>>> print(open('run.txt').read())   # compact mmCIF, C-alpha atoms and all ligand atoms
# COMPACT_ATOMS: atom_id res chain seq x y z
CA MET A 1 73.66 68.63 -57.42
CA ILE A 2 72.38 71.97 -58.70
CA THR A 3 74.26 75.19 -57.95
CA ALA A 4 73.04 78.63 -58.92
CA GLU A 5 75.10 81.77 -58.47
CA GLY A 6 73.76 85.27 -58.97
CA LEU A 7 71.08 83.97 -61.33
CA VAL A 8 69.03 86.69 -63.04
CA LYS A 9 66.29 86.49 -65.67
CA ARG A 10 64.68 89.57 -67.16
CA TYR A 11 61.88 89.60 -69.72
CA GLY A 12 61.95 93.19 -70.99
CA ALA A 13 61.21 95.41 -68.02
CA LYS A 14 60.07 92.43 -65.90
CA THR A 15 62.67 90.82 -63.63
CA ALA A 16 61.39 87.27 -63.18
CA VAL A 17 64.43 86.03 -61.21
CA ASN A 18 66.51 88.56 -59.32
CA ASN A 19 70.07 87.54 -58.39
CA ILE A 20 69.43 84.23 -56.64
CA SER A 21 72.08 81.81 -55.38
CA PHE A 22 71.32 78.37 -53.98
CA THR A 23 72.51 74.77 -53.87
CA VAL A 24 70.21 71.75 -54.24
CA GLN A 25 71.94 68.92 -52.38
CA PRO A 26 72.03 65.25 -53.36
CA GLY A 27 70.30 62.73 -51.10
CA LEU A 28 67.45 65.10 -50.24
CA VAL A 29 64.08 66.06 -51.67
CA THR A 30 64.18 69.84 -52.00
CA GLY A 31 60.82 71.54 -52.36
CA PHE A 32 60.69 74.61 -54.56
CA LEU A 33 57.88 76.88 -53.41
CA GLY A 34 56.51 80.32 -54.03
CA PRO A 35 53.34 82.15 -55.01
CA ASN A 36 52.20 82.30 -58.66
CA GLY A 37 54.70 84.27 -60.71
CA ALA A 38 57.48 84.00 -58.10
CA GLY A 39 59.96 82.71 -60.69
CA LYS A 40 60.01 78.93 -60.04
CA SER A 41 59.35 77.78 -63.59
CA THR A 42 61.76 80.38 -64.98
CA THR A 43 64.49 79.10 -62.65
CA MET A 44 63.77 75.46 -63.57
CA ARG A 45 63.86 76.34 -67.25
CA MET A 46 67.27 77.99 -66.82
CA ILE A 47 68.58 74.92 -64.97
CA VAL A 48 67.80 72.72 -67.99
CA GLY A 49 68.95 75.25 -70.59
CA LEU A 50 65.47 76.14 -71.95
CA ASP A 51 66.03 79.77 -70.96
CA ARG A 52 69.29 81.66 -70.96
CA PRO A 53 70.11 83.61 -67.75
CA SER A 54 70.35 87.41 -68.17
CA ALA A 55 73.19 87.21 -65.62
CA GLY A 56 74.79 84.64 -63.31
CA ARG A 57 75.09 80.91 -63.86
CA VAL A 58 73.55 77.60 -62.91
CA ASN A 59 75.34 74.24 -62.98
CA VAL A 60 73.94 70.74 -62.86
CA ASN A 61 76.32 68.07 -61.57
CA GLY A 62 79.18 70.58 -61.90
CA ARG A 63 78.53 71.99 -65.39
CA PRO A 64 75.97 74.06 -67.26
CA TYR A 65 73.27 71.81 -68.76
CA SER A 66 74.39 72.62 -72.31
CA ALA A 67 77.95 71.49 -71.57
CA HIS A 68 76.84 67.89 -70.85
CA SER A 69 77.27 65.57 -73.83
CA ALA A 70 74.41 63.31 -72.67
CA PRO A 71 72.09 65.60 -70.67
CA LEU A 72 69.30 62.99 -70.20
CA ARG A 73 71.79 60.88 -68.26
CA GLU A 74 72.55 63.87 -65.98
CA VAL A 75 69.20 65.55 -65.42
CA GLY A 76 65.67 64.29 -65.83
CA ALA A 77 63.06 67.02 -65.97
CA LEU A 78 59.28 67.12 -65.93
CA LEU A 79 58.50 70.72 -66.81
CA ASP A 80 55.46 70.64 -69.05
CA ALA A 81 53.75 67.27 -69.20
CA LYS A 82 51.78 68.33 -72.29
CA ALA A 83 54.93 69.01 -74.34
CA VAL A 84 54.80 65.69 -76.22
CA HIS A 85 54.03 64.60 -79.77
CA THR A 86 50.34 63.73 -79.33
CA GLY A 87 50.15 61.39 -82.34
CA ARG A 88 52.76 58.97 -80.98
CA SER A 89 52.19 56.15 -78.55
CA ALA A 90 53.76 56.51 -75.09
CA TYR A 91 56.17 53.70 -75.96
CA ASN A 92 57.25 55.35 -79.23
CA HIS A 93 57.59 58.75 -77.58
CA LEU A 94 59.96 57.30 -74.98
CA LEU A 95 61.77 55.19 -77.60
CA ALA A 96 62.43 58.32 -79.72
CA MET A 97 63.82 60.16 -76.70
CA ALA A 98 65.93 57.14 -75.75
CA ALA A 99 67.36 56.90 -79.27
CA THR A 100 68.94 60.38 -78.92
CA HIS A 101 71.08 59.03 -76.08
CA GLY A 102 71.76 55.47 -77.18
CA ILE A 103 69.38 54.16 -74.52
CA GLY A 104 67.87 50.79 -75.48
CA PRO A 105 64.24 49.51 -75.54
CA SER A 106 64.74 47.51 -72.34
CA ARG A 107 65.17 50.75 -70.32
CA VAL A 108 62.07 52.15 -72.05
CA ARG A 109 60.08 49.11 -70.89
CA GLU A 110 61.59 49.50 -67.42
CA VAL A 111 60.41 53.12 -67.00
CA ILE A 112 56.99 52.24 -68.42
CA GLU A 113 56.65 49.59 -65.73
CA LEU A 114 58.04 51.87 -63.03
CA THR A 115 55.43 54.51 -63.82
CA GLY A 116 52.53 52.06 -64.16
CA LEU A 117 51.89 52.80 -67.86
CA GLN A 118 52.04 49.17 -69.15
CA SER A 119 48.37 48.97 -70.11
CA VAL A 120 48.41 52.24 -72.10
CA ALA A 121 51.97 52.18 -73.51
CA GLY A 122 50.68 51.42 -77.03
CA LYS A 123 48.00 54.12 -76.99
CA ARG A 124 48.25 57.58 -78.57
CA VAL A 125 49.52 60.16 -76.07
CA GLY A 126 46.92 62.63 -77.38
CA GLY A 127 44.19 60.61 -75.65
CA PHE A 128 45.93 60.54 -72.26
CA SER A 129 44.33 61.98 -69.15
CA LEU A 130 46.23 64.63 -67.18
CA GLY A 131 47.42 62.02 -64.70
CA MET A 132 48.62 59.60 -67.42
CA GLY A 133 50.46 62.50 -69.06
CA GLN A 134 52.17 63.26 -65.74
CA ARG A 135 53.23 59.62 -65.43
CA LEU A 136 54.63 59.70 -68.96
CA GLY A 137 56.55 62.90 -68.14
CA ILE A 138 58.02 61.22 -65.08
CA ALA A 139 58.91 58.14 -67.17
CA ALA A 140 60.75 60.44 -69.61
CA ALA A 141 62.60 62.15 -66.74
CA LEU A 142 63.76 58.76 -65.41
CA LEU A 143 64.81 57.39 -68.81
CA GLY A 144 68.53 58.25 -68.58
CA ASP A 145 68.76 57.09 -64.92
CA PRO A 146 69.97 60.62 -64.03
CA ALA A 147 71.58 61.73 -60.76
CA THR A 148 69.45 64.88 -60.72
CA LEU A 149 65.68 65.20 -61.16
CA ILE A 150 63.60 68.33 -61.58
CA LEU A 151 59.86 67.85 -61.29
CA ASP A 152 57.55 70.85 -61.74
CA GLU A 153 54.13 70.12 -60.19
CA PRO A 154 54.38 66.33 -60.73
CA ILE A 155 51.24 65.56 -58.74
CA ASN A 156 49.06 67.94 -60.71
CA GLY A 157 46.11 65.87 -61.96
CA LEU A 158 47.08 62.65 -60.18
CA ASP A 159 44.53 60.66 -58.18
CA PRO A 160 45.28 59.90 -54.49
CA GLU A 161 47.02 56.63 -55.42
CA GLY A 162 49.18 58.56 -57.92
CA VAL A 163 50.03 61.25 -55.34
CA LEU A 164 51.17 58.56 -52.90
CA TRP A 165 53.17 56.90 -55.69
CA VAL A 166 55.01 60.16 -56.54
CA ARG A 167 55.75 60.74 -52.86
CA GLN A 168 57.25 57.26 -52.49
CA LEU A 169 59.12 57.54 -55.80
CA VAL A 170 60.84 60.84 -54.98
CA ARG A 171 61.69 59.63 -51.46
CA THR A 172 63.29 56.52 -52.99
CA LEU A 173 65.20 58.56 -55.59
CA ALA A 174 66.61 60.82 -52.85
CA ALA A 175 67.46 57.80 -50.67
CA GLU A 176 69.49 56.46 -53.61
CA GLY A 177 71.60 59.63 -53.32
CA ARG A 178 70.01 61.56 -56.17
CA THR A 179 69.28 65.28 -56.18
CA VAL A 180 65.54 65.96 -56.38
CA LEU A 181 64.04 69.41 -56.92
CA LEU A 182 60.26 69.37 -56.68
CA SER A 183 57.72 72.14 -57.04
CA SER A 184 54.15 71.95 -55.80
CA HIS A 185 51.53 74.34 -54.52
CA LEU A 186 50.13 71.64 -52.22
CA MET A 187 51.71 72.38 -48.85
CA SER A 188 50.28 69.32 -47.10
CA GLU A 189 51.96 67.09 -49.70
CA MET A 190 55.18 69.06 -49.58
CA ALA A 191 55.29 68.65 -45.79
CA LEU A 192 55.16 64.86 -46.27
CA THR A 193 57.65 64.70 -49.15
CA ALA A 194 60.38 67.31 -48.82
CA ASP A 195 63.39 67.46 -46.48
CA HIS A 196 64.48 70.93 -47.44
CA LEU A 197 62.74 73.95 -48.94
CA ILE A 198 63.72 76.85 -51.13
CA VAL A 199 61.00 79.49 -51.13
CA LEU A 200 60.89 82.19 -53.79
CA GLY A 201 58.91 85.42 -53.65
CA ARG A 202 58.93 88.03 -56.42
CA GLY A 203 62.03 86.47 -57.96
CA GLU A 204 64.06 86.41 -54.75
CA ILE A 205 64.85 83.72 -52.20
CA ILE A 206 62.89 84.29 -49.01
CA ALA A 207 63.83 81.01 -47.30
CA ASP A 208 66.35 78.21 -47.88
CA ALA A 209 66.28 75.80 -44.93
CA PRO A 210 65.16 72.36 -43.69
CA VAL A 211 61.35 71.94 -43.60
CA ALA A 212 61.34 71.60 -39.79
CA ASP A 213 63.24 74.89 -39.35
CA ILE A 214 60.89 76.72 -41.68
CA VAL A 215 57.83 75.45 -39.84
CA SER A 216 59.21 76.24 -36.36
CA GLY A 217 60.77 79.56 -37.37
CA ALA A 218 57.88 81.17 -39.17
CA THR A 219 55.15 80.49 -36.64
CA ARG A 220 54.86 80.53 -32.86
CA ALA A 221 53.89 77.12 -31.61
CA SER A 222 51.10 77.09 -29.05
CA VAL A 223 49.91 74.69 -26.37
CA ARG A 224 46.28 73.67 -25.95
CA VAL A 225 45.19 73.19 -22.37
CA LYS A 226 41.87 71.82 -21.19
CA THR A 227 41.16 72.43 -17.54
CA PRO A 228 38.23 73.04 -15.19
CA HIS A 229 40.39 75.84 -13.69
CA ALA A 230 40.87 77.88 -16.87
CA SER A 231 40.45 81.29 -15.19
CA GLU A 232 42.93 80.54 -12.37
CA LEU A 233 45.50 79.13 -14.81
CA ALA A 234 45.09 82.06 -17.21
CA GLN A 235 45.75 84.44 -14.31
CA LEU A 236 48.87 82.53 -13.25
CA LEU A 237 50.19 82.58 -16.81
CA ALA A 238 49.55 86.28 -17.35
CA THR A 239 53.01 87.74 -18.01
CA PRO A 240 54.14 90.01 -20.86
CA ASP A 241 55.78 87.11 -22.75
CA VAL A 242 52.83 84.71 -22.59
CA ALA A 243 49.65 85.05 -24.63
CA VAL A 244 46.55 83.20 -23.44
CA LEU A 245 43.55 82.81 -25.71
CA ARG A 246 40.30 81.34 -24.40
CA SER A 247 38.85 79.65 -27.47
CA GLU A 248 35.98 77.80 -25.78
CA LEU A 249 34.84 77.01 -22.30
CA GLY A 250 37.65 75.37 -20.31
CA ILE A 251 40.14 75.51 -23.16
CA LEU A 252 43.19 77.79 -23.34
CA GLU A 253 45.54 78.29 -26.31
CA ILE A 254 48.85 79.41 -24.85
CA THR A 255 51.82 80.83 -26.74
CA GLY A 256 55.12 81.82 -25.19
CA LEU A 257 55.47 78.93 -22.72
CA ALA A 258 56.21 75.26 -23.44
CA ALA A 259 53.95 72.38 -22.33
CA PRO A 260 56.25 71.11 -19.50
CA GLN A 261 56.41 74.57 -17.85
CA ILE A 262 52.65 74.96 -18.09
CA GLY A 263 52.15 71.49 -16.57
CA GLU A 264 54.58 72.21 -13.73
CA LEU A 265 53.00 75.58 -12.96
CA ALA A 266 49.57 73.97 -12.83
CA ALA A 267 50.86 71.18 -10.57
CA ARG A 268 52.48 73.64 -8.16
CA HIS A 269 49.11 75.34 -7.71
CA GLY A 270 47.11 72.13 -7.52
CA LEU A 271 45.22 72.81 -10.76
CA VAL A 272 43.92 69.73 -12.57
CA LEU A 273 44.59 69.52 -16.33
CA HIS A 274 42.51 67.29 -18.61
CA GLU A 275 44.62 67.97 -21.68
CA LEU A 276 48.05 69.51 -22.38
CA THR A 277 48.89 69.32 -26.08
CA PRO A 278 51.63 71.14 -28.00
CA GLN A 279 50.07 72.44 -31.23
CA ASN A 280 52.52 72.19 -34.09
CA ALA A 281 52.09 74.78 -36.77
CA SER A 282 51.53 73.40 -40.27
CA LEU A 283 53.81 74.04 -43.22
CA GLU A 284 50.87 75.81 -44.84
CA GLU A 285 50.70 78.32 -41.98
CA ALA A 286 54.47 78.82 -42.08
CA TYR A 287 54.38 79.27 -45.86
CA MET A 288 51.56 81.83 -45.63
CA ALA A 289 53.46 83.81 -42.98
CA LEU A 290 56.65 83.72 -45.06
CA THR A 291 55.10 84.74 -48.35
CA GLN A 292 52.42 87.21 -47.19
CA ASP A 293 54.40 90.17 -48.54
CA ALA A 294 55.45 88.38 -51.73
CA VAL A 295 52.06 87.43 -53.18
CA GLU A 296 51.50 89.23 -56.49
CA TYR A 297 48.08 87.88 -57.38
CA ARG A 298 45.98 88.18 -54.25
CA THR A 299 42.35 87.10 -54.02
CA GLU A 300 39.70 88.87 -51.95
CA ALA A 301 38.09 86.93 -49.12
CA LEU A 302 34.55 85.79 -49.93
CA ARG A 303 31.93 87.63 -47.97
N1 LIG B 1 58.36 84.37 -71.56
C1 LIG B 1 58.03 85.31 -70.69
N2 LIG B 1 57.87 86.60 -71.07
C2 LIG B 1 57.53 87.56 -70.19
N3 LIG B 1 57.35 87.36 -68.89
C3 LIG B 1 57.50 86.10 -68.43
C4 LIG B 1 57.85 85.02 -69.30
N4 LIG B 1 57.93 83.88 -68.56
C5 LIG B 1 57.64 84.23 -67.28
N5 LIG B 1 57.38 85.57 -67.21
C6 LIG B 1 57.05 86.34 -65.98
O1 LIG B 1 58.04 86.07 -65.03
C7 LIG B 1 57.47 85.92 -63.72
C8 LIG B 1 57.86 84.57 -63.14
O2 LIG B 1 57.11 83.56 -63.82
P1 LIG B 1 57.26 81.99 -63.50
O3 LIG B 1 56.40 81.28 -64.48
O4 LIG B 1 58.69 81.64 -63.43
O5 LIG B 1 56.64 81.92 -62.04
P2 LIG B 1 56.24 80.61 -61.21
O6 LIG B 1 56.80 80.82 -59.84
O7 LIG B 1 56.63 79.38 -61.92
O8 LIG B 1 54.67 80.76 -61.16
P3 LIG B 1 53.48 79.62 -61.13
O9 LIG B 1 53.41 79.14 -59.72
O10 LIG B 1 52.27 80.44 -61.49
O11 LIG B 1 53.82 78.58 -62.13
C9 LIG B 1 55.98 86.15 -63.87
O12 LIG B 1 55.68 87.48 -63.56
C10 LIG B 1 55.74 85.86 -65.36
O13 LIG B 1 54.65 86.61 -65.82
>>> encode(input="run.txt", output="structure tokens")
Amino acid sequence: MITAEGLVKRYGAKTAVNNISFTVQPGLVTGFLGPNGAGKSTTMRMIVGLDRPSAGRVNVNGRPYSAHSAPLREVGALLDAKAVHTGRSAYNHLLAMAATHGIGPSRVREVIELTGLQSVAGKRVGGFSLGMGQRLGIAAALLGDPATLILDEPINGLDPEGVLWVRQLVRTLAAEGRTVLLSSHLMSEMALTADHLIVLGRGEIIADAPVADIVSGATRASVRVKTPHASELAQLLATPDVAVLRSELGILEITGLAAPQIGELAARHGLVLHELTPQNASLEEAYMALTQDAVEYRTEALR
């Protein structure tokens, strides 16, 4: 479990994290989202004691990271996959880390197998691809069999098989009752992986809720209707609370009324429907709506 209370981080005049409080619960995958520069990495660094808060506190499994006598057994973190001694082999890198905590070679072999690095374990880390480096970072995070895991962009550089593997791994870790905090800019992947989301914008929390609530709360779901009586149905639906958009011939996109009510209204007036489909908003749309005022580095649309 991770608990932050009134957490602040200032770098000179820049406030990177501005008085945030949150709890990351065990047994769930919690996604940590936000535009570039929102303060995610800074927060993660404070959780694992790499940065000192300017104010407030953050505990991992009940204590500050620095107060744990064997931190690798409490929290496993993948923060910067490139932060390894490039001259060592993957096996020796993990063995050196393990030695600091009295963890034996058998656990090193176990995490190598778990992360699919067997064939390259003896090779110099300096020659690793981005994806292999990510796998090694995940192996290091798992080394102490910790109850809490913090993974910053773990799928960055992974091939589709690797992305699927990370998704299954973090789901399994959460199902085992562990606390998993995961950052990614890939909303489609986050929608498949996370149960809960904490969204940061300009150093503040702009959402802290289950994924389903964030998706349904930030966007208005619509219903797609295909009918040969589009004009008649659009007229029947025309009330101040219902918006009807005619996207193409015979197709209506309706917001403000649920599919069953639309179907019943059509039936009462003898109007045939060929399709009646609730359109669920995507997490990406919800995320864009939530963060539209919090994006610091905006790009211009291509003309
Ligand atoms: N060491 C530092 N010195 C000065 N400013 C910093 C430092 N580290 C981070 N910042 C600033 O703090 C803000 C938050 O940065 P942070 O890296 O935490 O954001 P992030 O949400 O992780 O972004 P990204 O998605 O781009 O990784 C940014 O404006 C960044 O420029």
>>> residues_near_ligand(input="run.txt", ligand="ligand LIG 1 (chain B)", cutoff="10 Å", atoms="all atoms listed in the file", output="VMD selection string")
chain A and resid 9 to 17 32 to 46 51 152 to 153 183 to 185 199 to 203 296 to 297
>>> residues_near_point(input="run.txt", point="(56.5, 61.5, -64.6)", cutoff="12 Å", atoms="only C-alpha atoms", output="ChimeraX atom specification")
/A:76-82,90,94,111-117,130-143,149-158,162-163,165-167,169-170,182
>>> closest_residue(input="run.txt", among="A:His196, A:Val29, A:Thr3, A:Gly126", to="Ala212 (chain A)", atoms="all atoms listed in the file")
A:His196
>>> residues_around(input="run.txt", residues="Asn59 (chain A)", least_positions_apart="3", cutoff="6 Å", atoms="only C-alpha atoms", output="JSON, numbers by chain")
{"A": [2, 3, 62, 63, 64]}
>>> write_last_selection(input="run.txt", atoms="C-alpha atoms", output="PDB file, keeping the file's coordinate frame")
ATOM      1  CA  ILE A   2      72.380  71.970 -58.700  1.00  0.00           C
ATOM      2  CA  THR A   3      74.260  75.190 -57.950  1.00  0.00           C
ATOM      3  CA  GLY A  62      79.180  70.580 -61.900  1.00  0.00           C
ATOM      4  CA  ARG A  63      78.530  71.990 -65.390  1.00  0.00           C
ATOM      5  CA  PRO A  64      75.970  74.060 -67.260  1.00  0.00           C
TER       6      PRO A  64
END
>>> residues_around(input="run.txt", residues="Ala243 (chain A)", least_positions_apart="6", cutoff="12 Å", atoms="all atoms listed in the file", output="ChimeraX atom specification")
/A:220-224,234-237,252-258
>>> write_last_selection(input="run.txt", atoms="C-alpha atoms", output="PDB file, in the frame of the given file")
ATOM      1  CA  ARG A 220      54.860  80.530 -32.860  1.00  0.00           C
ATOM      2  CA  ALA A 221      53.890  77.120 -31.610  1.00  0.00           C
ATOM      3  CA  SER A 222      51.100  77.090 -29.050  1.00  0.00           C
ATOM      4  CA  VAL A 223      49.910  74.690 -26.370  1.00  0.00           C
ATOM      5  CA  ARG A 224      46.280  73.670 -25.950  1.00  0.00           C
ATOM      6  CA  ALA A 234      45.090  82.060 -17.210  1.00  0.00           C
ATOM      7  CA  GLN A 235      45.750  84.440 -14.310  1.00  0.00           C
ATOM      8  CA  LEU A 236      48.870  82.530 -13.250  1.00  0.00           C
ATOM      9  CA  LEU A 237      50.190  82.580 -16.810  1.00  0.00           C
ATOM     10  CA  LEU A 252      43.190  77.790 -23.340  1.00  0.00           C
ATOM     11  CA  GLU A 253      45.540  78.290 -26.310  1.00  0.00           C
ATOM     12  CA  ILE A 254      48.850  79.410 -24.850  1.00  0.00           C
ATOM     13  CA  THR A 255      51.820  80.830 -26.740  1.00  0.00           C
ATOM     14  CA  GLY A 256      55.120  81.820 -25.190  1.00  0.00           C
ATOM     15  CA  LEU A 257      55.470  78.930 -22.720  1.00  0.00           C
ATOM     16  CA  ALA A 258      56.210  75.260 -23.440  1.00  0.00           C
TER      17      ALA A 258
END
>>> closest_residue(input="run.txt", among="A:Ala286, A:Val75, A:Val84, A:Leu28", to="Asp195 (chain A)", atoms="all atoms listed in the file")
A:Leu28
>>> residues_around(input="run.txt", residues="Tyr287 (chain A)", least_positions_apart="6", cutoff="8 Å", atoms="only C-alpha atoms", output="list in words")
Met187, Val215 and Ala218 of chain A
>>> atom_distance(input="run.txt", atom1="CA of Arg52 (chain A)", atom2="CA of Ala194 (chain A)")
27.8 Å
>>> atom_distance(input="run.txt", atom1="CA of Asp159 (chain A)", atom2="CA of His85 (chain A)")
23.9 Å
>>> atom_distance(input="run.txt", atom1="CA of Ala259 (chain A)", atom2="CA of Leu276 (chain A)")
6.6 Å
>>> build_atoms(input="run.txt", residues="region 86-108 of chain A", atoms="N, CA and C atoms", output="PDB file, in the coordinates of the input")
ATOM      1  N   THR A  86      51.574  64.397 -79.745  1.00  0.00           N
ATOM      2  CA  THR A  86      50.340  63.730 -79.330  1.00  0.00           C
ATOM      3  C   THR A  86      49.937  62.544 -80.222  1.00  0.00           C
ATOM      4  N   GLY A  87      50.496  62.472 -81.437  1.00  0.00           N
ATOM      5  CA  GLY A  87      50.150  61.390 -82.340  1.00  0.00           C
ATOM      6  C   GLY A  87      50.892  60.089 -82.048  1.00  0.00           C
ATOM      7  N   ARG A  88      51.970  60.176 -81.279  1.00  0.00           N
ATOM      8  CA  ARG A  88      52.760  58.970 -80.980  1.00  0.00           C
ATOM      9  C   ARG A  88      52.184  58.198 -79.795  1.00  0.00           C
ATOM     10  N   SER A  89      52.536  56.912 -79.758  1.00  0.00           N
ATOM     11  CA  SER A  89      52.190  56.150 -78.550  1.00  0.00           C
ATOM     12  C   SER A  89      53.221  56.520 -77.474  1.00  0.00           C
ATOM     13  N   ALA A  90      52.847  56.226 -76.207  1.00  0.00           N
ATOM     14  CA  ALA A  90      53.760  56.510 -75.090  1.00  0.00           C
ATOM     15  C   ALA A  90      55.082  55.771 -75.317  1.00  0.00           C
ATOM     16  N   TYR A  91      54.961  54.507 -75.747  1.00  0.00           N
ATOM     17  CA  TYR A  91      56.170  53.700 -75.960  1.00  0.00           C
ATOM     18  C   TYR A  91      57.062  54.336 -77.023  1.00  0.00           C
ATOM     19  N   ASN A  92      56.455  54.758 -78.148  1.00  0.00           N
ATOM     20  CA  ASN A  92      57.250  55.350 -79.230  1.00  0.00           C
ATOM     21  C   ASN A  92      57.832  56.710 -78.848  1.00  0.00           C
ATOM     22  N   HIS A  93      57.083  57.460 -78.052  1.00  0.00           N
ATOM     23  CA  HIS A  93      57.590  58.750 -77.580  1.00  0.00           C
ATOM     24  C   HIS A  93      58.874  58.533 -76.760  1.00  0.00           C
ATOM     25  N   LEU A  94      58.806  57.578 -75.839  1.00  0.00           N
ATOM     26  CA  LEU A  94      59.960  57.300 -74.980  1.00  0.00           C
ATOM     27  C   LEU A  94      61.114  56.696 -75.795  1.00  0.00           C
ATOM     28  N   LEU A  95      60.738  55.843 -76.764  1.00  0.00           N
ATOM     29  CA  LEU A  95      61.770  55.190 -77.600  1.00  0.00           C
ATOM     30  C   LEU A  95      62.527  56.245 -78.418  1.00  0.00           C
ATOM     31  N   ALA A  96      61.791  57.252 -78.937  1.00  0.00           N
ATOM     32  CA  ALA A  96      62.430  58.320 -79.720  1.00  0.00           C
ATOM     33  C   ALA A  96      63.383  59.130 -78.856  1.00  0.00           C
ATOM     34  N   MET A  97      62.943  59.417 -77.624  1.00  0.00           N
ATOM     35  CA  MET A  97      63.820  60.160 -76.700  1.00  0.00           C
ATOM     36  C   MET A  97      65.062  59.324 -76.376  1.00  0.00           C
ATOM     37  N   ALA A  98      64.835  58.039 -76.128  1.00  0.00           N
ATOM     38  CA  ALA A  98      65.930  57.140 -75.750  1.00  0.00           C
ATOM     39  C   ALA A  98      66.965  57.048 -76.866  1.00  0.00           C
ATOM     40  N   ALA A  99      66.471  57.054 -78.111  1.00  0.00           N
ATOM     41  CA  ALA A  99      67.360  56.900 -79.270  1.00  0.00           C
ATOM     42  C   ALA A  99      68.390  58.026 -79.353  1.00  0.00           C
ATOM     43  N   THR A 100      68.011  59.233 -78.859  1.00  0.00           N
ATOM     44  CA  THR A 100      68.940  60.380 -78.920  1.00  0.00           C
ATOM     45  C   THR A 100      70.137  60.167 -78.006  1.00  0.00           C
ATOM     46  N   HIS A 101      70.011  59.231 -77.065  1.00  0.00           N
ATOM     47  CA  HIS A 101      71.080  59.030 -76.080  1.00  0.00           C
ATOM     48  C   HIS A 101      71.615  57.600 -76.085  1.00  0.00           C
ATOM     49  N   GLY A 102      71.286  56.852 -77.111  1.00  0.00           N
ATOM     50  CA  GLY A 102      71.760  55.470 -77.180  1.00  0.00           C
ATOM     51  C   GLY A 102      71.203  54.595 -76.075  1.00  0.00           C
ATOM     52  N   ILE A 103      70.007  54.962 -75.584  1.00  0.00           N
ATOM     53  CA  ILE A 103      69.380  54.160 -74.520  1.00  0.00           C
ATOM     54  C   ILE A 103      68.476  53.123 -75.214  1.00  0.00           C
ATOM     55  N   GLY A 104      68.558  51.887 -74.788  1.00  0.00           N
ATOM     56  CA  GLY A 104      67.870  50.790 -75.480  1.00  0.00           C
ATOM     57  C   GLY A 104      66.425  50.611 -75.067  1.00  0.00           C
ATOM     58  N   PRO A 105      65.659  49.767 -75.832  1.00  0.00           N
ATOM     59  CA  PRO A 105      64.240  49.510 -75.540  1.00  0.00           C
ATOM     60  C   PRO A 105      64.003  48.884 -74.167  1.00  0.00           C
ATOM     61  N   SER A 106      64.993  48.167 -73.628  1.00  0.00           N
ATOM     62  CA  SER A 106      64.740  47.510 -72.340  1.00  0.00           C
ATOM     63  C   SER A 106      64.569  48.570 -71.235  1.00  0.00           C
ATOM     64  N   ARG A 107      65.324  49.678 -71.319  1.00  0.00           N
ATOM     65  CA  ARG A 107      65.170  50.750 -70.320  1.00  0.00           C
ATOM     66  C   ARG A 107      63.813  51.451 -70.515  1.00  0.00           C
ATOM     67  N   VAL A 108      63.383  51.556 -71.782  1.00  0.00           N
ATOM     68  CA  VAL A 108      62.070  52.150 -72.050  1.00  0.00           C
ATOM     69  C   VAL A 108      60.986  51.312 -71.368  1.00  0.00           C
TER      70      VAL A 108
END
